[in-house]
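A short worksheet on the structure shown next.
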Amino acid sequence: MNMDILTRLAHSEATAHARYGHTGETVRFGPLVAVHAGPNLPVDTGWHDGTRLPTPQELDEFEAFSAKHGQPASLHLLSAFAAAGLPLLTARGYGLDYLLHGYVRELTDLPASPAFIVREEEAGAWAALAARCFGPGTEEIMSVVAHAPGTQLFVADVDGTPAATAAQSITEGIAAFHGTATLPEFQGRGVQTALLAHRLNVAAQAGADLASVFVTPGGGSERNVERAGFRLLGARLTLTRRK
C-alpha cells in the first residue's frame with residue numbers, strides 16, 4: 001500500500017468533487033468536501049480528503065448540510081483510511097453501501113494512438129450520448145458531469161457513428177478518468193481501450209503524472225484498465241448514515 005499516493009489521490013478527488021456544486025452548493029467541513037448538485041443525484045455526497053479524520057462537530061455539520069438538501073448523509077472514504085475512520089463513522093450509524101476498486105497508472109510508457117477516431121465533444125452532445133450509453137434515468141447526472149468546470153469530454157466514433165463516451169478532469173497532477181460507457185451495439189470491439197489510450201496521452205501532454213479510475217470489482221471495465229497498465233491501489237468505500 002502506497003500511502004503517499006493514496007493520500008494524494010484522496011486530496012485530489014475531494015478537491016475535484018467540489019466542481020459538481022456549480023449547479024447547487026459546495027461546502028467544506030474540515031476534511032470533508034460536501035456537494036449538493038441537485039435533487040437525488042449520485043454526486044450529492046461528501047469526499048474525505050485524506051488529511052485527517054473529521055471531528056464529531058464537523059460530522060454534525062455535514063449531516064445538517066445533507067438534511068437541509070434532503071439527501072442522505074453519504075461520504076466516500078478510501079480504504080487506506082478505513083481502519084482509522086470506520087469506528088467513528090459506524091458509531092454514528094454509518095454503513096457500507098458499496099465499494100469500487102481504485103486503480104492508478106503512471107503516465108510513462110504510454111500506449112500507441114487508438115485505432116478508432118477519438119475526438120473532443122461539446123457538453124450537450126456528450127451528455128446526450130452518455131445518457132444513451134448508461135441508460136434511462138441518467139440524463140440529468142450526465143448533464144451535470146458534462147458541464148462541470150474543467151472536465152474534458154471525449155467521444156469515440158466507429159465507422160463514422162458516435163459509439164462511446166469518456167471524460168477526465170486533471171486536479172493536482174492526477175487525471176481522473178470517468179464517464180466511460182459504450183452503446184450496446186458497439187460493445188466488445190475495443191472502443192473503451194481506445195478511449196483509455198487517448199486519455200492517457202492527452203493527460204500526459206497536459207502535464208499530469210498520474211491517472212486514476214474507480215471501477216466495479218470484477219467487471220469488464222476492471223479488465224480493461226488492468227490491460228491498459230493500471231494497478232490496483234485500494235478501494236473507495238461509500239458509507240451512508242442509517243439513523
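Chain lettering (A, B, ...) mirrors the order of the C-alpha cells, residue numbering begins at 1 for each chain separately, and ligand numbering begins at 1 in order of display.
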- Message: Env of Leu59 of chain A: 12 Å cut, atoms = only C-alpha atoms, seq-sep filter 5 positions within chain, self excluded. Answer as number ranges by chain.
- Response: A: 28-34, 46, 48, 53-54, 64-66, 73-75, 85, 88-89, 91-94, 241
- Return as a VMD selection string the full set of residues in segment 15-189 of chain A whose backbone-based DSSP assignment is strand (DSSP E). chain A and resid 25 to 29 32 to 36 46 to 48 74 to 78 94 to 106 117 to 120 151 to 158 161 to 171 174 to 182
- Item | Long-range neighbours of segment 121-123 of chain A as a list in words, 9 Å cut-off, only C-alpha atoms, 6 positions minimum in chain | Ser143, Val145, Ala146, His147, Gln152, Leu153, Phe154 and Val155 of chain A
Create the file for the chosen residues now, containing all heavy atoms and written as a CSV table (one decimal), in the first residue's frame.
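Resulting contents of part09.csv:
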```
chain,number,residue,atom,x,y,z
A,143,SER,N,-25.6,15.4,-17.6
A,143,SER,CA,-25.5,16.8,-17.9
A,143,SER,C,-24.7,17.5,-16.9
A,143,SER,O,-23.9,18.4,-17.2
A,143,SER,CB,-26.9,17.4,-18.0
A,143,SER,OG,-26.8,18.8,-18.3
A,145,VAL,N,-22.3,16.2,-15.0
A,145,VAL,CA,-20.9,15.7,-15.3
A,145,VAL,C,-20.3,16.5,-16.5
A,145,VAL,O,-19.2,17.0,-16.4
A,145,VAL,CB,-20.8,14.2,-15.5
A,145,VAL,CG1,-19.4,13.8,-16.1
A,145,VAL,CG2,-21.2,13.5,-14.3
A,146,ALA,N,-21.1,16.6,-17.5
A,146,ALA,CA,-20.6,17.2,-18.8
A,146,ALA,C,-20.3,18.7,-18.6
A,146,ALA,O,-19.4,19.3,-19.2
A,146,ALA,CB,-21.6,17.1,-19.9
A,147,HIS,N,-21.1,19.4,-17.7
A,147,HIS,CA,-20.9,20.8,-17.6
A,147,HIS,C,-20.1,21.2,-16.3
A,147,HIS,O,-19.9,22.4,-16.1
A,147,HIS,CB,-22.3,21.5,-17.4
A,147,HIS,CG,-23.1,21.5,-18.7
A,147,HIS,ND1,-24.0,20.5,-19.1
A,147,HIS,CD2,-23.1,22.4,-19.7
A,147,HIS,CE1,-24.5,20.8,-20.2
A,147,HIS,NE2,-24.0,21.9,-20.7
A,152,GLN,N,-12.9,17.4,-19.4
A,152,GLN,CA,-12.6,17.2,-20.8
A,152,GLN,C,-13.5,16.0,-21.2
A,152,GLN,O,-13.5,14.9,-20.6
A,152,GLN,CB,-11.2,16.8,-21.1
A,152,GLN,CG,-10.2,18.0,-20.9
A,152,GLN,CD,-8.8,17.6,-21.1
A,152,GLN,OE1,-8.2,17.0,-20.2
A,152,GLN,NE2,-8.3,18.0,-22.3
A,153,LEU,N,-14.2,16.2,-22.4
A,153,LEU,CA,-15.2,15.2,-22.8
A,153,LEU,C,-14.8,14.6,-24.1
A,153,LEU,O,-14.4,15.3,-25.1
A,153,LEU,CB,-16.6,15.9,-23.0
A,153,LEU,CG,-17.1,16.6,-21.8
A,153,LEU,CD1,-18.3,17.5,-22.1
A,153,LEU,CD2,-17.4,15.7,-20.6
A,154,PHE,N,-14.8,13.3,-24.2
A,154,PHE,CA,-14.4,12.6,-25.4
A,154,PHE,C,-15.4,11.6,-25.9
A,154,PHE,O,-16.2,11.0,-25.2
A,154,PHE,CB,-13.1,11.8,-25.1
A,154,PHE,CG,-12.0,12.6,-24.6
A,154,PHE,CD1,-11.7,12.6,-23.2
A,154,PHE,CD2,-11.2,13.4,-25.4
A,154,PHE,CE1,-10.7,13.4,-22.7
A,154,PHE,CE2,-10.2,14.1,-24.9
A,154,PHE,CZ,-9.9,14.2,-23.6
A,155,VAL,N,-15.5,11.5,-27.3
A,155,VAL,CA,-16.3,10.5,-27.9
A,155,VAL,C,-15.5,9.7,-28.9
A,155,VAL,O,-14.6,10.2,-29.6
A,155,VAL,CB,-17.5,11.2,-28.7
A,155,VAL,CG1,-18.2,10.3,-29.7
A,155,VAL,CG2,-18.5,11.8,-27.7
```
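For the set A:Gly24, A:Gly124, A:Pro56, A:Gly70, the residue with the smallest atom-to-atom gap to Asn40 of chain A is A:Gly70, counting only C-alpha atoms.
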- Residue among A:Gln71, A:Thr51, A:Leu77, A:Gly95 lying closest to Arg242 of chain A, counting only C-alpha atoms: A:Gly95
Residues of segment 117-241 of chain A classed as helix (DSSP H, G or I) by DSSP on the backbone are to be reported as a compact mmCIF listing (two decimals) with all heavy atoms, in the first residue's frame.
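So the final result, stored in selection.txt, reads:
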```
# COMPACT_ATOMS: atom_id res chain seq x y z
N ALA A 123 -20.50 19.83 -24.45
CA ALA A 123 -21.16 19.24 -23.30
C ALA A 123 -22.55 18.67 -23.61
O ALA A 123 -22.88 17.56 -23.17
CB ALA A 123 -21.26 20.28 -22.18
N GLY A 124 -23.37 19.40 -24.36
CA GLY A 124 -24.72 18.93 -24.62
C GLY A 124 -24.77 17.63 -25.39
O GLY A 124 -25.50 16.69 -25.02
N ALA A 125 -24.00 17.56 -26.46
CA ALA A 125 -23.99 16.35 -27.28
C ALA A 125 -23.37 15.18 -26.52
O ALA A 125 -23.84 14.03 -26.62
CB ALA A 125 -23.23 16.60 -28.58
N TRP A 126 -22.32 15.47 -25.75
CA TRP A 126 -21.68 14.39 -24.96
C TRP A 126 -22.67 13.83 -23.95
O TRP A 126 -22.80 12.61 -23.81
CB TRP A 126 -20.44 14.91 -24.25
CG TRP A 126 -19.66 13.85 -23.53
CD1 TRP A 126 -18.62 13.11 -24.02
CD2 TRP A 126 -19.89 13.38 -22.18
NE1 TRP A 126 -18.17 12.23 -23.06
CE2 TRP A 126 -18.94 12.37 -21.93
CE3 TRP A 126 -20.79 13.73 -21.18
CZ2 TRP A 126 -18.86 11.70 -20.72
CZ3 TRP A 126 -20.72 13.05 -19.96
CH2 TRP A 126 -19.76 12.05 -19.74
N ALA A 127 -23.36 14.72 -23.23
CA ALA A 127 -24.30 14.27 -22.20
C ALA A 127 -25.42 13.42 -22.80
O ALA A 127 -25.84 12.41 -22.21
CB ALA A 127 -24.87 15.47 -21.45
N ALA A 128 -25.91 13.81 -23.97
CA ALA A 128 -26.99 13.06 -24.61
C ALA A 128 -26.52 11.66 -24.99
O ALA A 128 -27.23 10.66 -24.78
CB ALA A 128 -27.49 13.81 -25.84
N LEU A 129 -25.30 11.56 -25.55
CA LEU A 129 -24.78 10.24 -25.92
C LEU A 129 -24.47 9.42 -24.68
O LEU A 129 -24.78 8.21 -24.64
CB LEU A 129 -23.52 10.40 -26.78
CG LEU A 129 -22.82 9.10 -27.18
CD1 LEU A 129 -23.75 8.22 -28.01
CD2 LEU A 129 -21.53 9.40 -27.95
N ALA A 130 -23.89 10.03 -23.66
CA ALA A 130 -23.57 9.29 -22.43
C ALA A 130 -24.84 8.73 -21.79
O ALA A 130 -24.85 7.59 -21.30
CB ALA A 130 -22.83 10.19 -21.45
N ALA A 131 -25.92 9.51 -21.80
CA ALA A 131 -27.18 9.02 -21.23
C ALA A 131 -27.72 7.84 -22.02
O ALA A 131 -28.30 6.90 -21.43
CB ALA A 131 -28.20 10.15 -21.19
N ARG A 132 -27.55 7.85 -23.33
CA ARG A 132 -27.95 6.69 -24.13
C ARG A 132 -27.11 5.47 -23.76
O ARG A 132 -27.61 4.34 -23.70
CB ARG A 132 -27.81 6.99 -25.61
CG ARG A 132 -28.83 7.95 -26.18
CD ARG A 132 -28.50 8.27 -27.64
NE ARG A 132 -28.43 7.06 -28.45
CZ ARG A 132 -27.71 6.94 -29.57
NH1 ARG A 132 -26.99 7.98 -30.00
NH2 ARG A 132 -27.71 5.81 -30.25
N CYS A 133 -25.83 5.69 -23.50
CA CYS A 133 -24.94 4.58 -23.14
C CYS A 133 -25.26 4.03 -21.75
O CYS A 133 -25.30 2.81 -21.55
CB CYS A 133 -23.48 5.05 -23.18
SG CYS A 133 -22.84 5.47 -24.81
N PHE A 134 -25.46 4.92 -20.78
CA PHE A 134 -25.69 4.49 -19.40
C PHE A 134 -27.12 4.02 -19.17
O PHE A 134 -27.37 3.24 -18.25
CB PHE A 134 -25.33 5.61 -18.43
CG PHE A 134 -23.86 5.74 -18.17
CD1 PHE A 134 -23.12 6.74 -18.77
CD2 PHE A 134 -23.20 4.87 -17.31
CE1 PHE A 134 -21.76 6.88 -18.52
CE2 PHE A 134 -21.85 4.99 -17.05
CZ PHE A 134 -21.12 6.00 -17.67
N GLU A 139 -30.02 11.02 -17.59
CA GLU A 139 -29.87 12.25 -18.37
C GLU A 139 -29.38 13.42 -17.52
O GLU A 139 -28.46 14.16 -17.93
CB GLU A 139 -31.21 12.61 -19.03
CG GLU A 139 -31.67 11.64 -20.11
CD GLU A 139 -32.38 10.41 -19.56
OE1 GLU A 139 -32.57 10.31 -18.32
OE2 GLU A 139 -32.74 9.53 -20.38
N GLU A 140 -29.96 13.59 -16.33
CA GLU A 140 -29.59 14.75 -15.52
C GLU A 140 -28.17 14.65 -14.99
O GLU A 140 -27.40 15.62 -15.05
CB GLU A 140 -30.57 14.93 -14.36
CG GLU A 140 -30.33 16.22 -13.58
CD GLU A 140 -31.37 16.46 -12.49
OE1 GLU A 140 -32.25 15.60 -12.29
OE2 GLU A 140 -31.28 17.51 -11.83
N ILE A 141 -27.78 13.49 -14.48
CA ILE A 141 -26.42 13.37 -13.94
C ILE A 141 -25.38 13.48 -15.04
O ILE A 141 -24.32 14.07 -14.85
CB ILE A 141 -26.24 12.06 -13.14
CG1 ILE A 141 -24.86 12.01 -12.50
CG2 ILE A 141 -26.49 10.84 -13.99
CD1 ILE A 141 -24.53 13.17 -11.58
N MET A 142 -25.67 12.97 -16.23
CA MET A 142 -24.72 13.12 -17.32
C MET A 142 -24.56 14.58 -17.72
O MET A 142 -23.46 15.03 -18.07
CB MET A 142 -25.15 12.28 -18.52
CG MET A 142 -25.02 10.78 -18.32
SD MET A 142 -23.31 10.25 -17.97
CE MET A 142 -23.38 9.96 -16.20
N SER A 143 -25.63 15.36 -17.63
CA SER A 143 -25.53 16.79 -17.92
C SER A 143 -24.69 17.49 -16.86
O SER A 143 -23.86 18.36 -17.18
CB SER A 143 -26.93 17.41 -17.98
OG SER A 143 -26.85 18.80 -18.26
N VAL A 144 -24.88 17.13 -15.59
CA VAL A 144 -24.07 17.72 -14.52
C VAL A 144 -22.60 17.40 -14.73
O VAL A 144 -21.72 18.27 -14.61
CB VAL A 144 -24.56 17.22 -13.14
CG1 VAL A 144 -23.58 17.63 -12.04
CG2 VAL A 144 -25.94 17.77 -12.84
N VAL A 145 -22.29 16.15 -15.03
CA VAL A 145 -20.90 15.75 -15.28
C VAL A 145 -20.32 16.52 -16.46
O VAL A 145 -19.20 17.04 -16.40
CB VAL A 145 -20.83 14.23 -15.54
CG1 VAL A 145 -19.44 13.83 -16.06
CG2 VAL A 145 -21.16 13.46 -14.27
N ALA A 146 -21.09 16.60 -17.53
CA ALA A 146 -20.59 17.24 -18.75
C ALA A 146 -20.30 18.72 -18.55
O ALA A 146 -19.36 19.27 -19.16
CB ALA A 146 -21.58 17.06 -19.90
N HIS A 147 -21.09 19.39 -17.73
CA HIS A 147 -20.94 20.83 -17.55
C HIS A 147 -20.07 21.21 -16.35
O HIS A 147 -19.89 22.40 -16.08
CB HIS A 147 -22.32 21.48 -17.40
CG HIS A 147 -23.10 21.52 -18.70
ND1 HIS A 147 -23.97 20.50 -19.06
CD2 HIS A 147 -23.12 22.41 -19.70
CE1 HIS A 147 -24.50 20.79 -20.24
NE2 HIS A 147 -24.01 21.93 -20.65
N PRO A 184 -24.67 -0.37 -26.59
CA PRO A 184 -24.65 -1.84 -26.62
C PRO A 184 -24.18 -2.44 -27.94
O PRO A 184 -23.45 -3.43 -27.96
CB PRO A 184 -26.11 -2.21 -26.33
CG PRO A 184 -26.64 -1.06 -25.55
CD PRO A 184 -25.95 0.16 -26.10
N GLU A 185 -24.58 -1.83 -29.06
CA GLU A 185 -24.23 -2.41 -30.35
C GLU A 185 -22.75 -2.31 -30.70
O GLU A 185 -22.26 -2.93 -31.64
CB GLU A 185 -25.07 -1.78 -31.47
CG GLU A 185 -24.91 -0.27 -31.60
CD GLU A 185 -25.94 0.52 -30.83
OE1 GLU A 185 -26.33 0.06 -29.74
OE2 GLU A 185 -26.35 1.59 -31.30
N PHE A 186 -21.99 -1.51 -29.92
CA PHE A 186 -20.56 -1.36 -30.19
C PHE A 186 -19.69 -1.99 -29.10
O PHE A 186 -18.46 -1.86 -29.15
CB PHE A 186 -20.21 0.12 -30.34
CG PHE A 186 -20.85 0.78 -31.53
CD1 PHE A 186 -21.91 1.66 -31.36
CD2 PHE A 186 -20.42 0.51 -32.81
CE1 PHE A 186 -22.52 2.27 -32.45
CE2 PHE A 186 -21.02 1.11 -33.91
CZ PHE A 186 -22.07 1.99 -33.73
N VAL A 191 -13.48 -0.37 -28.04
CA VAL A 191 -13.67 1.08 -28.05
C VAL A 191 -13.17 1.70 -26.74
O VAL A 191 -12.54 2.75 -26.74
CB VAL A 191 -15.14 1.45 -28.30
CG1 VAL A 191 -15.31 2.95 -28.39
CG2 VAL A 191 -15.64 0.79 -29.58
N GLN A 192 -13.46 1.05 -25.61
CA GLN A 192 -13.02 1.62 -24.34
C GLN A 192 -11.50 1.55 -24.19
O GLN A 192 -10.89 2.44 -23.58
CB GLN A 192 -13.71 0.91 -23.18
CG GLN A 192 -15.18 1.29 -23.03
CD GLN A 192 -15.37 2.80 -22.84
OE1 GLN A 192 -14.51 3.49 -22.29
NE2 GLN A 192 -16.49 3.31 -23.32
N THR A 193 -10.87 0.55 -24.76
CA THR A 193 -9.41 0.50 -24.76
C THR A 193 -8.85 1.70 -25.52
O THR A 193 -7.85 2.31 -25.11
CB THR A 193 -8.92 -0.81 -25.39
OG1 THR A 193 -9.38 -1.91 -24.59
CG2 THR A 193 -7.41 -0.86 -25.48
N ALA A 194 -9.50 2.04 -26.61
CA ALA A 194 -9.08 3.21 -27.38
C ALA A 194 -9.24 4.50 -26.59
O ALA A 194 -8.38 5.38 -26.60
CB ALA A 194 -9.89 3.29 -28.68
N LEU A 195 -10.35 4.62 -25.87
CA LEU A 195 -10.57 5.82 -25.07
C LEU A 195 -9.59 5.92 -23.90
O LEU A 195 -9.16 7.02 -23.53
CB LEU A 195 -12.01 5.84 -24.56
CG LEU A 195 -13.06 6.22 -25.62
CD1 LEU A 195 -14.46 5.83 -25.17
CD2 LEU A 195 -13.00 7.72 -25.92
N LEU A 196 -9.22 4.79 -23.31
CA LEU A 196 -8.20 4.81 -22.27
C LEU A 196 -6.87 5.30 -22.83
O LEU A 196 -6.21 6.16 -22.24
CB LEU A 196 -8.04 3.41 -21.67
CG LEU A 196 -9.10 2.96 -20.66
CD1 LEU A 196 -8.97 1.46 -20.41
CD2 LEU A 196 -8.95 3.72 -19.35
N ALA A 197 -6.47 4.73 -23.98
CA ALA A 197 -5.19 5.13 -24.58
C ALA A 197 -5.18 6.62 -24.92
O ALA A 197 -4.19 7.32 -24.67
CB ALA A 197 -4.94 4.29 -25.84
N HIS A 198 -6.26 7.10 -25.47
CA HIS A 198 -6.33 8.51 -25.85
C HIS A 198 -6.20 9.41 -24.63
O HIS A 198 -5.43 10.38 -24.63
CB HIS A 198 -7.64 8.79 -26.58
CG HIS A 198 -7.75 10.19 -27.10
ND1 HIS A 198 -7.12 10.60 -28.25
CD2 HIS A 198 -8.40 11.29 -26.61
CE1 HIS A 198 -7.38 11.88 -28.46
NE2 HIS A 198 -8.15 12.32 -27.47
N ARG A 199 -6.94 9.10 -23.57
CA ARG A 199 -6.89 9.94 -22.38
C ARG A 199 -5.52 9.89 -21.70
O ARG A 199 -5.06 10.91 -21.17
CB ARG A 199 -7.99 9.53 -21.40
CG ARG A 199 -9.37 10.03 -21.82
CD ARG A 199 -10.44 9.60 -20.84
NE ARG A 199 -10.67 8.17 -20.91
CZ ARG A 199 -11.44 7.47 -20.06
NH1 ARG A 199 -12.05 8.11 -19.07
NH2 ARG A 199 -11.63 6.18 -20.21
N LEU A 200 -4.88 8.74 -21.70
CA LEU A 200 -3.54 8.67 -21.11
C LEU A 200 -2.58 9.62 -21.83
O LEU A 200 -1.80 10.34 -21.19
CB LEU A 200 -3.01 7.23 -21.17
CG LEU A 200 -3.67 6.23 -20.22
CD1 LEU A 200 -3.26 4.81 -20.58
CD2 LEU A 200 -3.32 6.54 -18.76
N ASN A 201 -2.65 9.64 -23.14
CA ASN A 201 -1.77 10.52 -23.90
C ASN A 201 -2.14 11.99 -23.71
O ASN A 201 -1.26 12.84 -23.55
CB ASN A 201 -1.81 10.14 -25.38
CG ASN A 201 -0.97 8.91 -25.69
OD1 ASN A 201 0.24 9.01 -25.85
ND2 ASN A 201 -1.59 7.75 -25.76
N VAL A 202 -3.43 12.30 -23.70
CA VAL A 202 -3.86 13.69 -23.50
C VAL A 202 -3.46 14.18 -22.11
O VAL A 202 -2.98 15.31 -21.94
CB VAL A 202 -5.38 13.81 -23.71
CG1 VAL A 202 -5.89 15.18 -23.25
CG2 VAL A 202 -5.74 13.59 -25.17
N ALA A 203 -3.63 13.33 -21.10
CA ALA A 203 -3.28 13.72 -19.73
C ALA A 203 -1.78 13.99 -19.60
O ALA A 203 -1.37 14.95 -18.94
CB ALA A 203 -3.72 12.64 -18.76
N ALA A 204 -0.98 13.13 -20.20
CA ALA A 204 0.47 13.33 -20.14
C ALA A 204 0.87 14.63 -20.83
O ALA A 204 1.70 15.39 -20.33
CB ALA A 204 1.19 12.14 -20.78
N GLN A 205 0.27 14.91 -21.98
CA GLN A 205 0.57 16.14 -22.70
C GLN A 205 0.16 17.38 -21.90
O GLN A 205 0.76 18.45 -22.04
CB GLN A 205 -0.13 16.14 -24.05
CG GLN A 205 0.43 15.11 -25.04
CD GLN A 205 -0.49 14.85 -26.22
OE1 GLN A 205 -1.45 15.57 -26.44
NE2 GLN A 205 -0.19 13.80 -26.97
N GLY A 220 -16.13 -5.72 -16.65
CA GLY A 220 -15.34 -5.55 -17.86
C GLY A 220 -14.44 -4.34 -17.80
O GLY A 220 -13.32 -4.36 -18.33
N SER A 221 -14.88 -3.27 -17.13
CA SER A 221 -14.04 -2.07 -17.02
C SER A 221 -12.77 -2.38 -16.24
O SER A 221 -11.70 -1.84 -16.54
CB SER A 221 -14.82 -0.94 -16.35
OG SER A 221 -15.87 -0.49 -17.18
N GLU A 222 -12.87 -3.22 -15.22
CA GLU A 222 -11.69 -3.57 -14.44
C GLU A 222 -10.68 -4.31 -15.33
O GLU A 222 -9.47 -4.04 -15.27
CB GLU A 222 -12.06 -4.42 -13.23
CG GLU A 222 -10.87 -4.73 -12.34
CD GLU A 222 -11.27 -5.14 -10.93
OE1 GLU A 222 -12.15 -6.01 -10.80
OE2 GLU A 222 -10.69 -4.61 -9.98
N ARG A 223 -11.15 -5.21 -16.14
CA ARG A 223 -10.24 -5.92 -17.04
C ARG A 223 -9.60 -4.96 -18.04
O ARG A 223 -8.41 -5.07 -18.35
CB ARG A 223 -10.99 -7.04 -17.77
CG ARG A 223 -11.44 -8.17 -16.85
CD ARG A 223 -11.99 -9.34 -17.62
NE ARG A 223 -13.26 -9.02 -18.26
CZ ARG A 223 -14.44 -9.15 -17.67
NH1 ARG A 223 -14.51 -9.55 -16.41
NH2 ARG A 223 -15.56 -8.86 -18.32
N ASN A 224 -10.37 -4.00 -18.52
CA ASN A 224 -9.82 -3.03 -19.48
C ASN A 224 -8.71 -2.19 -18.86
O ASN A 224 -7.67 -1.96 -19.49
CB ASN A 224 -10.94 -2.12 -19.99
CG ASN A 224 -11.86 -2.80 -20.97
OD1 ASN A 224 -11.50 -3.78 -21.60
ND2 ASN A 224 -13.07 -2.28 -21.10
N VAL A 225 -8.92 -1.70 -17.64
CA VAL A 225 -7.90 -0.82 -17.05
C VAL A 225 -6.65 -1.61 -16.66
O VAL A 225 -5.53 -1.10 -16.75
CB VAL A 225 -8.46 -0.02 -15.84
CG1 VAL A 225 -9.63 0.85 -16.28
CG2 VAL A 225 -8.85 -0.90 -14.68
N GLU A 226 -6.83 -2.87 -16.27
CA GLU A 226 -5.66 -3.69 -15.98
C GLU A 226 -4.83 -3.92 -17.24
O GLU A 226 -3.60 -3.83 -17.21
CB GLU A 226 -6.09 -5.02 -15.36
CG GLU A 226 -6.59 -4.89 -13.93
CD GLU A 226 -7.13 -6.19 -13.37
OE1 GLU A 226 -7.40 -7.12 -14.16
OE2 GLU A 226 -7.28 -6.29 -12.13
N ARG A 227 -5.50 -4.19 -18.36
CA ARG A 227 -4.78 -4.38 -19.62
C ARG A 227 -4.08 -3.09 -20.06
O ARG A 227 -3.07 -3.14 -20.77
CB ARG A 227 -5.73 -4.86 -20.71
CG ARG A 227 -6.13 -6.33 -20.58
CD ARG A 227 -6.79 -6.83 -21.86
NE ARG A 227 -8.08 -6.19 -22.07
CZ ARG A 227 -9.25 -6.71 -21.72
NH1 ARG A 227 -9.28 -7.88 -21.10
NH2 ARG A 227 -10.38 -6.08 -21.97
```
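Nearest residue to Leu210 of chain A among A:Arg105, A:His76, A:His36, A:Arg52 is A:Arg105, counting only C-alpha atoms.
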- Using only C-alpha atoms, which of the listed residues (A:Gly38, A:Asp159, A:Gly234, A:Ser169) sits closest to His69 of chain A? A:Gly38
- Which residues, written as a ChimeraX atom specification, have at least one atom at most 6 Å from segment 96-101 of chain A, with only C-alpha atoms counted and residues fewer than 3 positions away on the same chain left out? /A:214-217,235-239
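For the pair atom CA of Ile117 of chain A and atom CA of Ala166 of chain A, the separation is 13.0 Å.
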- Proximity to Phe230 of chain A - best of A:Tyr20, A:Phe81, A:Phe116, A:Phe177, only C-alpha atoms: A:Phe177
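Considering the residues A:Leu86, A:Leu232, A:Val35, A:Ala10 and counting only C-alpha atoms, Lys68 of chain A has its shortest atom-to-atom contact with A:Val35.
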- Message: Env of segment 1-7 of chain A: 8 Å cut, atoms = only C-alpha atoms, seq-sep filter 5 positions within chain, self excluded. Answer as JSON, numbers by chain.
- Response: {"A": [49, 50, 51, 78, 80, 233, 234]}
- How many Å lie between atom CA of Ala206 of chain A and atom CA of Arg19 of chain A, rounded to one decimal? 19.2 Å
- Item | Selection near Ala164 of chain A, 7 Å with only C-alpha atoms, sequence-local residues under 2 positions removed, as a ChimeraX atom specification | /A:155-156,162,181-183,191
Could you please take those selected residues and save N, CA and C atoms as an mmCIF file, in the first residue's frame?
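This went into out22.cif:
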```cif
data_model
loop_
_atom_site.group_PDB
_atom_site.id
_atom_site.type_symbol
_atom_site.label_atom_id
_atom_site.label_comp_id
_atom_site.auth_asym_id
_atom_site.auth_seq_id
_atom_site.Cartn_x
_atom_site.Cartn_y
_atom_site.Cartn_z
ATOM 1 N N VAL A 155 -15.468 11.457 -27.257
ATOM 2 C CA VAL A 155 -16.349 10.501 -27.927
ATOM 3 C C VAL A 155 -15.506 9.682 -28.899
ATOM 4 N N ALA A 156 -15.763 8.380 -28.941
ATOM 5 C CA ALA A 156 -15.123 7.511 -29.919
ATOM 6 C C ALA A 156 -16.130 7.186 -31.017
ATOM 7 N N PRO A 162 -21.016 7.889 -33.612
ATOM 8 C CA PRO A 162 -20.631 8.015 -32.201
ATOM 9 C C PRO A 162 -21.002 6.753 -31.430
ATOM 10 N N ALA A 181 -18.623 4.807 -21.034
ATOM 11 C CA ALA A 181 -19.723 3.910 -21.398
ATOM 12 C C ALA A 181 -19.783 3.750 -22.911
ATOM 13 N N THR A 182 -20.333 2.621 -23.352
ATOM 14 C CA THR A 182 -20.417 2.292 -24.771
ATOM 15 C C THR A 182 -21.843 1.881 -25.119
ATOM 16 N N LEU A 183 -22.327 2.308 -26.278
ATOM 17 C CA LEU A 183 -23.628 1.846 -26.750
ATOM 18 C C LEU A 183 -23.592 0.332 -26.923
ATOM 19 N N VAL A 191 -13.481 -0.371 -28.042
ATOM 20 C CA VAL A 191 -13.667 1.085 -28.047
ATOM 21 C C VAL A 191 -13.173 1.701 -26.738
#
```
